[in-house]
Structures are given as structure tokens and as C-alpha cells.
>>> print(open('final-v3.cif').read())   # mmCIF, C-alpha atoms
data_entry
loop_
_atom_site.label_atom_id
_atom_site.label_comp_id
_atom_site.auth_asym_id
_atom_site.auth_seq_id
_atom_site.Cartn_x
_atom_site.Cartn_y
_atom_site.Cartn_z
CA MET A 48 0.00 0.00 0.00
CA ALA A 49 2.88 2.35 0.76
CA ILE A 50 4.27 1.79 -2.73
CA ASP A 51 0.92 2.58 -4.34
CA CYS A 52 0.70 5.78 -2.29
CA ALA A 53 4.17 6.75 -3.50
CA LEU A 54 3.03 6.25 -7.09
CA LEU A 55 0.00 8.45 -6.40
CA ASP A 56 2.27 11.14 -4.95
CA LEU A 57 4.34 11.12 -8.15
CA ALA A 58 1.22 11.21 -10.33
CA ALA A 59 -0.05 14.25 -8.41
CA ALA A 60 3.28 16.10 -8.20
CA GLU A 61 4.91 15.29 -11.55
CA GLY A 62 2.12 14.14 -13.85
CA ALA A 63 3.57 10.64 -14.10
CA ALA A 64 1.35 7.63 -14.81
CA PHE A 65 1.85 4.07 -13.58
CA LEU A 66 0.39 0.59 -13.84
CA ARG A 67 1.55 -1.76 -11.09
CA ILE A 68 0.73 -5.49 -11.16
CA TYR A 69 1.48 -7.55 -8.07
CA ARG A 70 0.51 -10.35 -5.69
CA TRP A 71 0.65 -10.65 -1.90
CA GLU A 72 3.17 -12.62 0.16
CA PRO A 73 2.03 -13.62 2.68
CA PHE A 74 -1.64 -13.69 1.74
CA CYS A 75 -3.52 -10.75 3.25
CA LEU A 76 -6.99 -9.46 4.13
CA SER A 77 -7.43 -5.85 3.03
CA PHE A 78 -10.17 -3.48 4.19
CA GLY A 79 -11.51 -0.49 2.30
CA ARG A 80 -10.53 2.93 3.62
CA HIS A 81 -13.94 3.66 5.17
CA GLU A 82 -15.03 0.11 5.95
CA PRO A 83 -16.23 -0.59 9.54
CA ALA A 84 -13.89 -3.57 9.96
CA THR A 85 -14.03 -3.64 13.77
CA ARG A 86 -17.81 -4.12 13.67
CA ARG A 87 -17.97 -6.45 10.69
CA TYR A 88 -15.13 -8.96 10.96
CA ASP A 89 -14.21 -11.40 13.75
CA ARG A 90 -10.91 -9.96 14.97
CA GLU A 91 -10.33 -12.77 17.45
CA ARG A 92 -10.72 -15.35 14.68
CA ILE A 93 -8.34 -13.32 12.51
CA ARG A 94 -5.77 -13.53 15.33
CA GLU A 95 -6.30 -17.28 15.72
CA LEU A 96 -5.72 -17.81 12.00
CA ALA A 97 -2.68 -15.47 12.09
CA LEU A 98 -3.97 -13.55 9.09
CA ASP A 99 -2.15 -10.46 7.91
CA CYS A 100 -4.46 -7.43 7.56
CA VAL A 101 -4.11 -3.98 6.06
CA ARG A 102 -6.41 -1.03 5.36
CA ARG A 103 -6.17 0.26 1.81
CA PRO A 104 -6.00 3.99 0.96
CA THR A 105 -8.77 3.40 -1.60
CA GLY A 106 -12.43 2.80 -0.80
CA GLY A 107 -14.45 -0.34 -1.29
CA ARG A 108 -14.82 -3.39 0.92
CA ALA A 109 -12.78 -6.33 2.19
CA VAL A 110 -10.83 -8.61 -0.16
CA TRP A 111 -8.88 -11.79 0.60
CA HIS A 112 -5.67 -11.49 -1.43
CA ALA A 113 -4.51 -15.05 -2.03
CA ARG A 114 -4.45 -16.66 -5.47
CA GLU A 115 -5.41 -13.48 -7.30
CA LEU A 116 -3.84 -10.58 -9.18
CA THR A 117 -3.85 -7.07 -7.76
CA TYR A 118 -3.37 -4.05 -10.00
CA ALA A 119 -2.89 -0.37 -9.19
CA VAL A 120 -3.18 2.52 -11.63
CA ALA A 121 -1.88 5.92 -10.49
CA ALA A 122 -2.19 8.73 -13.00
CA PRO A 123 -3.25 12.34 -13.57
CA LEU A 124 -6.99 12.67 -14.06
CA ALA A 125 -6.31 14.57 -17.28
CA VAL A 126 -5.07 11.36 -18.88
CA PHE A 127 -8.57 9.90 -18.59
CA GLY A 128 -10.83 12.95 -18.31
CA GLY A 129 -12.21 12.19 -14.84
CA MET A 130 -12.77 9.50 -12.21
CA GLN A 131 -15.71 7.79 -13.91
CA GLN A 132 -13.97 7.82 -17.27
CA ALA A 133 -10.88 6.28 -15.68
CA TYR A 134 -13.00 3.57 -14.06
CA ARG A 135 -14.59 2.66 -17.39
CA ARG A 136 -11.34 2.71 -19.37
CA ILE A 137 -9.45 0.60 -16.86
CA HIS A 138 -12.23 -1.96 -16.78
CA ALA A 139 -12.27 -2.03 -20.57
CA VAL A 140 -8.56 -2.89 -20.46
CA LEU A 141 -9.25 -5.64 -17.90
CA ALA A 142 -11.97 -7.02 -20.17
CA GLU A 143 -9.51 -7.05 -23.08
CA ALA A 144 -6.96 -8.87 -20.91
CA LEU A 145 -9.57 -11.49 -20.04
CA ALA A 146 -10.38 -11.87 -23.74
CA LEU A 147 -6.71 -12.59 -24.43
CA LEU A 148 -6.98 -15.39 -21.87
CA GLY A 149 -10.11 -16.76 -23.51
CA ALA A 150 -12.79 -15.30 -21.22
CA ARG A 151 -15.61 -13.07 -22.44
CA ALA A 152 -16.35 -10.50 -19.74
CA GLU A 153 -19.34 -8.22 -19.36
CA LEU A 154 -19.83 -5.16 -17.16
CA ALA A 155 -22.23 -5.09 -14.24
CA GLY A 156 -25.17 -2.75 -14.70
CA SER A 157 -24.77 0.74 -13.28
CA PRO A 158 -26.71 1.49 -10.06
CA ALA A 159 -27.28 5.02 -8.79
CA SER A 160 -23.79 4.87 -7.26
CA ARG A 161 -20.82 3.20 -8.96
CA GLU A 162 -19.42 1.99 -5.64
CA LEU A 163 -21.49 0.06 -3.10
CA PRO A 164 -21.46 1.47 0.46
CA PRO A 165 -19.13 -0.07 3.06
CA ALA A 166 -22.17 -1.53 4.84
CA ALA A 167 -22.88 -3.75 1.81
CA GLY A 168 -20.52 -6.48 3.07
CA PRO A 169 -17.27 -7.90 1.61
CA CYS A 170 -16.17 -6.75 -1.84
CA PHE A 171 -17.30 -9.84 -3.73
CA SER A 172 -20.69 -10.08 -2.03
CA ALA A 173 -22.21 -8.16 -4.93
CA PRO A 174 -21.03 -6.33 -8.05
CA ALA A 175 -20.95 -2.55 -8.21
CA GLY A 176 -21.81 -0.72 -11.40
CA GLY A 177 -19.25 -1.22 -14.16
CA GLU A 178 -17.34 -4.07 -12.52
CA LEU A 179 -16.29 -7.14 -14.53
CA MET A 180 -18.52 -10.21 -14.67
CA LEU A 181 -18.01 -13.68 -16.11
CA GLU A 182 -21.15 -15.73 -16.61
CA HIS A 183 -23.05 -13.18 -14.47
CA ARG A 184 -20.64 -13.55 -11.54
CA LYS A 185 -18.08 -11.01 -10.36
CA VAL A 186 -14.46 -11.77 -11.22
CA ALA A 187 -12.82 -8.41 -10.39
CA GLY A 188 -13.48 -5.61 -7.91
CA SER A 189 -12.06 -2.08 -7.94
CA ALA A 190 -11.98 1.08 -5.83
CA GLN A 191 -10.54 4.58 -6.22
CA LEU A 192 -8.95 7.49 -4.35
CA ARG A 193 -8.51 11.04 -5.63
CA GLN A 194 -5.56 13.21 -4.57
CA GLY A 195 -5.52 16.68 -6.07
CA GLN A 196 -5.59 16.25 -9.85
CA ALA A 197 -4.48 12.63 -9.74
CA PHE A 198 -6.09 9.35 -8.71
CA LEU A 199 -5.29 5.83 -7.58
CA GLN A 200 -7.39 2.83 -8.61
CA HIS A 201 -6.92 -0.57 -6.98
CA GLY A 202 -8.43 -3.79 -8.24
CA SER A 203 -8.36 -7.50 -7.53
CA LEU A 204 -8.80 -10.14 -10.25
CA LEU A 205 -9.66 -13.57 -8.84
CA LEU A 206 -7.52 -16.28 -10.43
CA GLU A 207 -8.19 -19.36 -8.26
CA ASP A 208 -9.73 -18.62 -4.87
CA ASP A 209 -13.21 -17.63 -3.91
CA GLN A 210 -13.87 -15.21 -1.03
CA SER A 211 -15.44 -17.66 1.42
CA LEU A 212 -12.86 -16.79 4.08
CA VAL A 213 -14.02 -13.16 4.15
CA ARG A 214 -17.66 -14.16 4.34
CA GLY A 215 -16.89 -16.48 7.25
CA LEU A 216 -15.06 -13.75 9.13
CA ALA A 217 -18.12 -11.54 8.62
CA GLY A 218 -20.40 -14.21 10.07
CA LEU A 219 -22.17 -14.83 6.77
CA THR A 220 -23.26 -18.46 6.73
CA GLY A 221 -25.72 -18.51 3.82
CA PRO A 222 -25.07 -19.44 0.19
CA GLY A 223 -21.79 -18.43 -1.45
CA GLY A 224 -21.03 -14.96 -2.70
CA ALA A 225 -21.52 -13.43 -6.11
CA GLU A 226 -18.00 -14.14 -7.36
CA THR A 227 -16.26 -16.57 -9.68
CA SER A 228 -12.57 -17.08 -10.41
CA LEU A 229 -10.96 -16.91 -13.82
CA SER A 230 -9.82 -20.53 -13.52
CA VAL A 231 -13.36 -21.72 -12.74
CA ALA A 232 -14.84 -19.72 -15.62
CA LEU A 233 -12.28 -21.04 -18.11
CA GLY A 234 -12.15 -24.58 -16.77
CA ARG A 235 -8.38 -24.48 -16.50
CA SER A 236 -5.74 -23.09 -14.18
CA VAL A 237 -4.64 -19.50 -14.85
CA SER A 238 -1.38 -18.52 -13.20
CA PHE A 239 -0.45 -15.08 -11.92
CA THR A 240 2.26 -14.81 -14.57
CA GLU A 241 -0.13 -15.65 -17.42
CA ALA A 242 -2.70 -13.15 -16.20
CA ALA A 243 -0.08 -10.45 -15.60
CA HIS A 244 1.29 -10.82 -19.14
CA ALA A 245 -2.23 -10.54 -20.57
CA LEU A 246 -2.98 -7.40 -18.55
CA ALA A 247 0.33 -5.80 -19.54
CA ALA A 248 -0.37 -6.58 -23.20
CA ALA A 249 -3.88 -5.10 -23.03
CA ALA A 250 -2.70 -2.01 -21.12
CA GLY A 251 -0.28 -0.75 -23.76
CA PRO A 252 -2.36 2.30 -24.81
CA LEU A 253 -3.97 2.82 -21.38
CA LEU A 254 -1.71 5.60 -20.09
CA ASP A 255 -1.25 7.41 -23.41
CA SER A 256 2.49 6.82 -23.16
CA PRO A 257 4.87 3.91 -23.78
CA LEU A 258 4.53 1.15 -21.18
CA HIS A 259 7.93 0.23 -19.77
CA ARG A 260 8.07 -3.02 -17.81
CA THR A 261 10.31 -2.79 -14.78
CA THR A 262 10.80 -4.00 -11.25
CA LEU A 263 10.33 -1.49 -8.44
CA PRO A 264 12.78 1.41 -8.95
CA PRO A 265 14.84 2.28 -5.85
CA ALA A 266 13.62 5.89 -5.97
CA ILE A 267 9.97 4.78 -5.61
CA ALA A 268 10.89 2.36 -2.84
CA THR A 269 12.48 5.29 -1.01
CA LEU A 270 9.34 7.44 -1.44
CA ALA A 271 7.24 4.57 -0.14
CA GLU A 272 9.13 4.70 3.17
CA GLN A 273 7.19 7.91 3.94
CA HIS A 274 3.95 5.90 4.00
CA ARG A 275 5.14 2.57 5.38
CA ASP A 276 4.55 3.23 9.08
CA ARG A 277 0.87 4.02 8.53
CA TYR A 278 0.14 0.73 6.80
CA GLN A 279 2.07 -1.26 9.39
CA ASP A 280 0.18 0.39 12.26
CA PRO A 281 -2.77 -1.62 13.70
CA ALA A 282 -4.30 1.71 14.74
CA TRP A 283 -4.72 2.54 11.03
CA THR A 284 -5.89 -0.94 10.09
CA TRP A 285 -8.48 -1.15 12.89
CA GLN A 286 -9.43 2.53 13.09
CA ARG A 287 -13.10 1.72 12.52
#
>>> encode(input="final-v3.cif", output="C-alpha cells")
Amino acid sequence: MAIDCALLDLAAAEGAAFLRIYRWEPFCLSFGRHEPATRRYDRERIRELALDCVRRPTGGRAVWHARELTYAVAAPLAVFGGMQQAYRRIHAVLAEALALLGARAELAGSPASRELPPAAGPCFSAPAGGELMLEHRKVAGSAQLRQGQAFLQHGSLLLEDDQSLVRGLAGLTGPGGAETSLSVALGRSVSFTEAAHALAAAAGPLLDSPLHRTTLPPAIATLAEQHRDRYQDPAWTWQR
């Protein structure tokens, strides 16, 4: 999260644009910025299972980051024309990436609000307007944050796992959620590497500039140090 905040800082200060594709080690439960995690999720059970937790800078609801792909786009709003336009364009790129993998995605219908409220339950309990669906089930969830004239958008693309762990921690014991994984939809295993290559290929024109593939530059790692303490602090994670 600290790295993504550093990318947002650079987008706001210098007009730079970034696409980051990554996975979590160890696996982690992330909460949306405004989500009432202390009231919704069983913290004692989380301790018993020794689960890592973090609160994202972006909105949205809880996601279990295990066998999935996480992306972050940090860019000036001018590149896209606005927050809603960015949301649509990024999801169009995700849909193209899924097509390269052999999956035909559709977009969830648009409700009055693009993003469901934090009280709606875990992220994959229901699709928000414009999110990606495979066979009428949610395969990716996204959330945004604006900072000045730049924005950060996070998203999670489910490769293998469902989100039953999150539902259990929320005390939801009914039928499964509204999600599917890419591997289930395609009937074959899809690795992180395969999905990452497809997303990078689809994202070429996304930022209106050449897309240079690179590992984390030392300069960005240094900027991320300014944010690291917040995301390591349980007081931030469990603030509400």
C-alpha cells in the first residue's frame, strides 16, 4: 500500500502515470478505507488464523488477497478525463486482458452509485456498477482514491480462490457470494504470470504513453518509506 501511495504522490506532483501489477506474500486481508472492519469482521478469529491485515488507501470493501492478481493505476486525471472515465477505461482494459486469456467479460449494470457502500458487506458479495462479470458472476473488484488532480485505482482479479474466508469472518453463513474465479470460468488453471502478461499486453495504450516493464525502482521504494509506518500500524488498520 505504501508503494501505491508513493506512485500516487508522483502522479499528483509530476504528472507521471503508472500501472503496477502484483501479488501478496504472505496472503492478506485488506479493508476499504472507510469500511467498519471492527464491527464487521471477527478480529479474534483473525488472530487465531494469524492472518495479515491492512487497510487500503482506496475505498471499497474487504478482499482476501490469495491466489489473485492485484493491480494499481496511479495517474493524472487529465489522462482519462475524470474519475468515472478512468473507471470505465481501466475496466475495458481488464476485459480485453480477459479476452486474451479466452474469457468473455461483461460489465455489471450501473446502479445510482458506482461503488457500493461499506455496509454492503465484503467486496465480492455483490457487483458494483461497471465491474467485470463472467457468466453473471463477479471476477474483479475495484476502488478509487482522488488526490488533487491525480487518482489511484486498486483492483483484484480472482484467479483461483473464492472469497469464502471473508464471508466467514463476517459471520455470513448462507449461500456463497456473487464471485467466480478466472480458472473456474475457463475450466483451466490460470497462473499469476499468465494473467499479468495478458494485462500488460492489453494495457499498452492505457496511459497514453509507452509502457515500460520494470521491477520497483529504488527511488519509488524510497518514497514509499514515507507511507510505510501508517500501513504497518494496527491503529490505522483497525481505526473503525
>>> residues_around(input="final-v3.cif", residues="Ala243 (chain A)", least_positions_apart="3", cutoff="9 Å", atoms="all atoms listed in the file", output="MDAnalysis selection string")
chainID A and resid 68:69 116 144 238:240 246:248
>>> write_last_selection(input="final-v3.cif", atoms="C-alpha atoms", output="PDB file, keeping the file's coordinate frame")
ATOM      1  CA  ILE A  68       0.730  -5.490 -11.160  1.00  0.00           C
ATOM      2  CA  TYR A  69       1.480  -7.550  -8.070  1.00  0.00           C
ATOM      3  CA  LEU A 116      -3.840 -10.580  -9.180  1.00  0.00           C
ATOM      4  CA  ALA A 144      -6.960  -8.870 -20.910  1.00  0.00           C
ATOM      5  CA  SER A 238      -1.380 -18.520 -13.200  1.00  0.00           C
ATOM      6  CA  PHE A 239      -0.450 -15.080 -11.920  1.00  0.00           C
ATOM      7  CA  THR A 240       2.260 -14.810 -14.570  1.00  0.00           C
ATOM      8  CA  LEU A 246      -2.980  -7.400 -18.550  1.00  0.00           C
ATOM      9  CA  ALA A 247       0.330  -5.800 -19.540  1.00  0.00           C
ATOM     10  CA  ALA A 248      -0.370  -6.580 -23.200  1.00  0.00           C
TER      11      ALA A 248
END
>>> resolve_selection(input="final-v3.cif", expression="the PyMOL selection byres ((chain A and resi 60) around 12)", output="PyMOL selection string")
chain A and resi 53-59+61-64+121-123+194-198
>>> write_last_selection(input="final-v3.cif", atoms="C-alpha atoms", output="short mmCIF file (atom, residue, chain, number, x, y, z; two decimals), in the coordinates of the input")
data_model
loop_
_atom_site.label_atom_id
_atom_site.label_comp_id
_atom_site.auth_asym_id
_atom_site.auth_seq_id
_atom_site.Cartn_x
_atom_site.Cartn_y
_atom_site.Cartn_z
CA ALA A 53 4.17 6.75 -3.50
CA LEU A 54 3.03 6.25 -7.09
CA LEU A 55 0.00 8.45 -6.40
CA ASP A 56 2.27 11.14 -4.95
CA LEU A 57 4.34 11.12 -8.15
CA ALA A 58 1.22 11.21 -10.33
CA ALA A 59 -0.05 14.25 -8.41
CA GLU A 61 4.91 15.29 -11.55
CA GLY A 62 2.12 14.14 -13.85
CA ALA A 63 3.57 10.64 -14.10
CA ALA A 64 1.35 7.63 -14.81
CA ALA A 121 -1.88 5.92 -10.49
CA ALA A 122 -2.19 8.73 -13.00
CA PRO A 123 -3.25 12.34 -13.57
CA GLN A 194 -5.56 13.21 -4.57
CA GLY A 195 -5.52 16.68 -6.07
CA GLN A 196 -5.59 16.25 -9.85
CA ALA A 197 -4.48 12.63 -9.74
CA PHE A 198 -6.09 9.35 -8.71
#
>>> residues_around(input="final-v3.cif", residues="Asp51 (chain A)", least_positions_apart="2", cutoff="10 Å", atoms="only C-alpha atoms", output="short mmCIF file (atom, residue, chain, number, x, y, z; two decimals) with C-alpha atoms, in the coordinates of the input")
data_model
loop_
_atom_site.label_atom_id
_atom_site.label_comp_id
_atom_site.auth_asym_id
_atom_site.auth_seq_id
_atom_site.Cartn_x
_atom_site.Cartn_y
_atom_site.Cartn_z
CA MET A 48 0.00 0.00 0.00
CA ALA A 49 2.88 2.35 0.76
CA ALA A 53 4.17 6.75 -3.50
CA LEU A 54 3.03 6.25 -7.09
CA LEU A 55 0.00 8.45 -6.40
CA ASP A 56 2.27 11.14 -4.95
CA LEU A 57 4.34 11.12 -8.15
CA PHE A 65 1.85 4.07 -13.58
CA LEU A 66 0.39 0.59 -13.84
CA ARG A 67 1.55 -1.76 -11.09
CA ARG A 103 -6.17 0.26 1.81
CA PRO A 104 -6.00 3.99 0.96
CA TYR A 118 -3.37 -4.05 -10.00
CA ALA A 119 -2.89 -0.37 -9.19
CA VAL A 120 -3.18 2.52 -11.63
CA ALA A 121 -1.88 5.92 -10.49
CA LEU A 199 -5.29 5.83 -7.58
CA GLN A 200 -7.39 2.83 -8.61
CA HIS A 201 -6.92 -0.57 -6.98
CA ILE A 267 9.97 4.78 -5.61
CA ALA A 271 7.24 4.57 -0.14
CA HIS A 274 3.95 5.90 4.00
#
>>> resolve_selection(input="final-v3.cif", expression="the PyMOL selection byres ((chain A and resi 133) around 10)", output="list in words")
Val120, Ala122, Pro123, Leu124, Ala125, Val126, Phe127, Gly128, Gly129, Met130, Gln131, Gln132, Tyr134, Arg135, Arg136, Ile137, His138, Ala139, Gln191, Phe198, Leu199, Gln200 and Leu253 of chain A
>>> resolve_selection(input="final-v3.cif", expression="the PyMOL selection byres ((chain A and resi 180) around 7)", output="PyMOL selection string")
chain A and resi 152-155+178-179+181-186
>>> atom_distance(input="final-v3.cif", atom1="CA of Ala150 (chain A)", atom2="CA of Leu229 (chain A)")
7.8 Å
>>> closest_residue(input="final-v3.cif", among="A:Ile50, A:Val213, A:Leu141, A:Leu204", to="Cys75 (chain A)", atoms="all atoms listed in the file")
A:Val213
>>> closest_residue(input="final-v3.cif", among="A:Leu270, A:Cys100, A:Leu263, A:Cys52", to="Trp283 (chain A)", atoms="only C-alpha atoms")
A:Cys100
>>> atom_distance(input="final-v3.cif", atom1="CA of Gly202 (chain A)", atom2="CA of Gly188 (chain A)")
5.4 Å
>>> closest_residue(input="final-v3.cif", among="A:Leu147, A:Leu192, A:Ala187, A:Val110", to="Glu241 (chain A)", atoms="only C-alpha atoms")
A:Leu147
>>> atom_distance(input="final-v3.cif", atom1="CA of Ser228 (chain A)", atom2="CA of Arg260 (chain A)")
26.0 Å
>>> closest_residue(input="final-v3.cif", among="A:His81, A:Arg287, A:Arg94, A:Ala109", to="Gln210 (chain A)", atoms="all atoms listed in the file")
A:Ala109
>>> closest_residue(input="final-v3.cif", among="A:Val237, A:Gly149, A:Leu212, A:Gly177", to="Leu76 (chain A)", atoms="all atoms listed in the file")
A:Leu212
>>> closest_residue(input="final-v3.cif", among="A:Thr269, A:Glu207, A:Pro73, A:Ala217", to="Ala97 (chain A)", atoms="all atoms listed in the file")
A:Pro73
